[in-house]
Amino acid sequence: MDEQDDIIHFEGGFELQAKDWYLSSDQATLYGKLDDPETVEITGSPALILVNSQIQGRYSVVNGAASRIVYQRDSNSIRLEGNATLSRDGHTMAGGEIEYDIKEDLLSAGGDGGVHIRVNP
């Protein structure tokens, strides 16, 4: 627990599964209520996230992996940092940093080594 209300820290083999998302990491910090966090920050080697979402009227599964992941549930966005990869519908993006606004279906990526995109036809 943190000195501030509604901040909870976890270490060692963290997993959190909800109806429409899943997280796995070495360390995690949850902001908000334990049973309904607003923001989740996870770190690991790698940290993993899976989000089931409706994007442009279609149901999709978004998978991400990175050294650090911040998932903001209220804005439905994911920020991945450090050897980041993000996949959806068979398409994969890799880079040092990736930000994905799931609701708006907007991606931005960058970092050392450039960005790599694999699109399956």
# chains A, B, ... in the order shown; residues from 1 in each chain; ligands from 1
$ residues_around --residues "Ala109 (chain A)" --least-positions-apart "5" --cutoff "10 Å" --atoms "only C-alpha atoms" --output "list of chain:residue names"
A:Arg79, A:Leu80, A:Glu81, A:Ala84, A:Met93, A:Ala94, A:Gly95, A:Gly96, A:Glu97, A:Ile98, A:Glu99, A:Tyr100, A:Gly114, A:Val115, A:His116
$ write_last_selection --atoms "C-alpha atoms" --output "PDB file, in the first residue's frame"
ATOM      1  CA  ARG A  79       1.612   3.225 -23.475  1.00  0.00           C
ATOM      2  CA  LEU A  80       4.412   0.684 -23.947  1.00  0.00           C
ATOM      3  CA  GLU A  81       8.066   1.542 -23.288  1.00  0.00           C
ATOM      4  CA  ALA A  84       7.648  -2.617 -27.120  1.00  0.00           C
ATOM      5  CA  MET A  93       4.283  -3.041 -34.568  1.00  0.00           C
ATOM      6  CA  ALA A  94       7.584  -2.983 -32.665  1.00  0.00           C
ATOM      7  CA  GLY A  95       9.647  -0.056 -31.418  1.00  0.00           C
ATOM      8  CA  GLY A  96      11.199   1.556 -28.387  1.00  0.00           C
ATOM      9  CA  GLU A  97       7.907   3.256 -27.473  1.00  0.00           C
ATOM     10  CA  ILE A  98       4.351   2.750 -28.656  1.00  0.00           C
ATOM     11  CA  GLU A  99       1.208   4.633 -27.677  1.00  0.00           C
ATOM     12  CA  TYR A 100      -2.174   3.275 -28.690  1.00  0.00           C
ATOM     13  CA  GLY A 114      13.183   2.844 -35.467  1.00  0.00           C
ATOM     14  CA  VAL A 115       9.771   1.269 -35.819  1.00  0.00           C
ATOM     15  CA  HIS A 116       9.035  -2.063 -37.456  1.00  0.00           C
TER      16      HIS A 116
END
$ residues_around --residues "Leu86 (chain A)" --least-positions-apart "4" --cutoff "6 Å" --atoms "only C-alpha atoms" --output "number ranges by chain"
A: 63-64, 92-93
$ write_last_selection --atoms "N, CA, C and O atoms" --output "CSV table (one decimal), in the first residue's frame"
chain,number,residue,atom,x,y,z
A,63,ASN,N,-2.8,-7.2,-28.1
A,63,ASN,CA,-1.8,-7.8,-27.3
A,63,ASN,C,-0.6,-6.9,-27.3
A,63,ASN,O,-0.2,-6.4,-28.3
A,64,GLY,N,0.0,-6.7,-26.1
A,64,GLY,CA,1.2,-5.8,-26.0
A,64,GLY,C,2.2,-6.4,-25.1
A,64,GLY,O,1.9,-7.2,-24.1
A,92,THR,N,1.5,-6.4,-36.5
A,92,THR,CA,2.3,-6.2,-35.4
A,92,THR,C,3.2,-5.0,-35.6
A,92,THR,O,3.7,-4.8,-36.7
A,93,MET,N,3.4,-4.2,-34.5
A,93,MET,CA,4.3,-3.0,-34.6
A,93,MET,C,5.3,-3.2,-33.4
A,93,MET,O,4.9,-3.6,-32.3
$ residues_around --residues "Ser67 (chain A)" --least-positions-apart "4" --cutoff "9 Å" --atoms "only C-alpha atoms" --output "ChimeraX atom specification"
/A:42-48,80-84
$ write_last_selection --atoms "N, CA and C atoms" --output "CSV table (one decimal), in the first residue's frame"
chain,number,residue,atom,x,y,z
A,42,ILE,N,2.6,-1.4,-15.1
A,42,ILE,CA,3.3,-2.7,-14.9
A,42,ILE,C,4.7,-2.7,-15.5
A,43,THR,N,5.6,-3.4,-14.9
A,43,THR,CA,7.0,-3.5,-15.4
A,43,THR,C,7.3,-5.0,-15.3
A,44,GLY,N,8.2,-5.4,-16.2
A,44,GLY,CA,8.6,-6.8,-16.2
A,44,GLY,C,9.5,-7.1,-17.4
A,45,SER,N,9.8,-8.3,-17.5
A,45,SER,CA,10.8,-8.7,-18.6
A,45,SER,C,10.2,-9.9,-19.4
A,46,PRO,N,9.2,-9.6,-20.2
A,46,PRO,CA,8.5,-8.3,-20.4
A,46,PRO,C,7.2,-8.3,-19.5
A,47,ALA,N,6.6,-7.2,-19.5
A,47,ALA,CA,5.2,-7.0,-18.9
A,47,ALA,C,4.3,-7.3,-20.1
A,48,LEU,N,3.1,-7.9,-19.9
A,48,LEU,CA,2.2,-8.3,-20.9
A,48,LEU,C,0.8,-7.7,-20.7
A,80,LEU,N,3.4,1.7,-24.1
A,80,LEU,CA,4.4,0.7,-23.9
A,80,LEU,C,5.8,1.3,-24.1
A,81,GLU,N,6.7,1.0,-23.2
A,81,GLU,CA,8.1,1.5,-23.3
A,81,GLU,C,9.1,0.4,-23.1
A,82,GLY,N,10.1,0.5,-23.9
A,82,GLY,CA,11.2,-0.5,-23.8
A,82,GLY,C,10.9,-1.8,-24.5
A,83,ASN,N,11.5,-2.0,-25.7
A,83,ASN,CA,11.3,-3.2,-26.5
A,83,ASN,C,9.8,-3.5,-26.6
A,84,ALA,N,9.1,-2.5,-27.1
A,84,ALA,CA,7.6,-2.6,-27.1
A,84,ALA,C,7.2,-3.3,-28.4
$ closest_atom_pairs --of "region 51-113 of chain A" --to "region 18-33 of chain A" --cutoff "12 Å" --atoms "only C-alpha atoms" --output "CSV"
residue,atom,partner,partner_atom,distance
A:Val51,CA,A:Trp21,CA,4.3
A:Asn52,CA,A:Asp20,CA,5.0
A:Ser53,CA,A:Asp20,CA,7.2
A:Gln54,CA,A:Asp20,CA,10.4
A:Tyr59,CA,A:Asp20,CA,11.1
A:Ser60,CA,A:Asp20,CA,10.8
A:Val61,CA,A:Trp21,CA,9.2
A:Val62,CA,A:Trp21,CA,9.3
A:Asn63,CA,A:Tyr22,CA,9.5
A:Gly64,CA,A:Leu23,CA,9.6
A:Ala65,CA,A:Ser24,CA,9.5
A:Ala66,CA,A:Ser25,CA,9.8
A:Ser67,CA,A:Ser25,CA,9.1
A:Arg68,CA,A:Ser25,CA,9.0
A:Ile69,CA,A:Ser25,CA,9.3
A:Val70,CA,A:Thr29,CA,9.5
A:Tyr71,CA,A:Leu23,CA,9.5
A:Gln72,CA,A:Tyr31,CA,9.6
A:Arg73,CA,A:Trp21,CA,10.0
A:Asp74,CA,A:Gly32,CA,11.2
A:Asn76,CA,A:Trp21,CA,11.1
A:Ile78,CA,A:Trp21,CA,11.8
$ atom_distance --atom1 "CA of Ser77 (chain A)" --atom2 "CA of Asp112 (chain A)"
22.3 Å
$ closest_residue --among "A:Arg88, A:Pro37, A:Gly111, A:Ser75" --to "Arg58 (chain A)" --atoms "only C-alpha atoms"
A:Arg88
$ atom_distance --atom1 "CA of Glu41 (chain A)" --atom2 "CA of His9 (chain A)"
9.5 Å
$ select_by_dssp --residues "region 4-121 of chain A" --states "strand (DSSP E or B)" --output "ChimeraX atom specification"
/A:7-17,21-33,36-55,58-72,77-88,91-101,106-110,116-118
$ atom_distance --atom1 "CA of Ile55 (chain A)" --atom2 "CA of Asp36 (chain A)"
21.9 Å
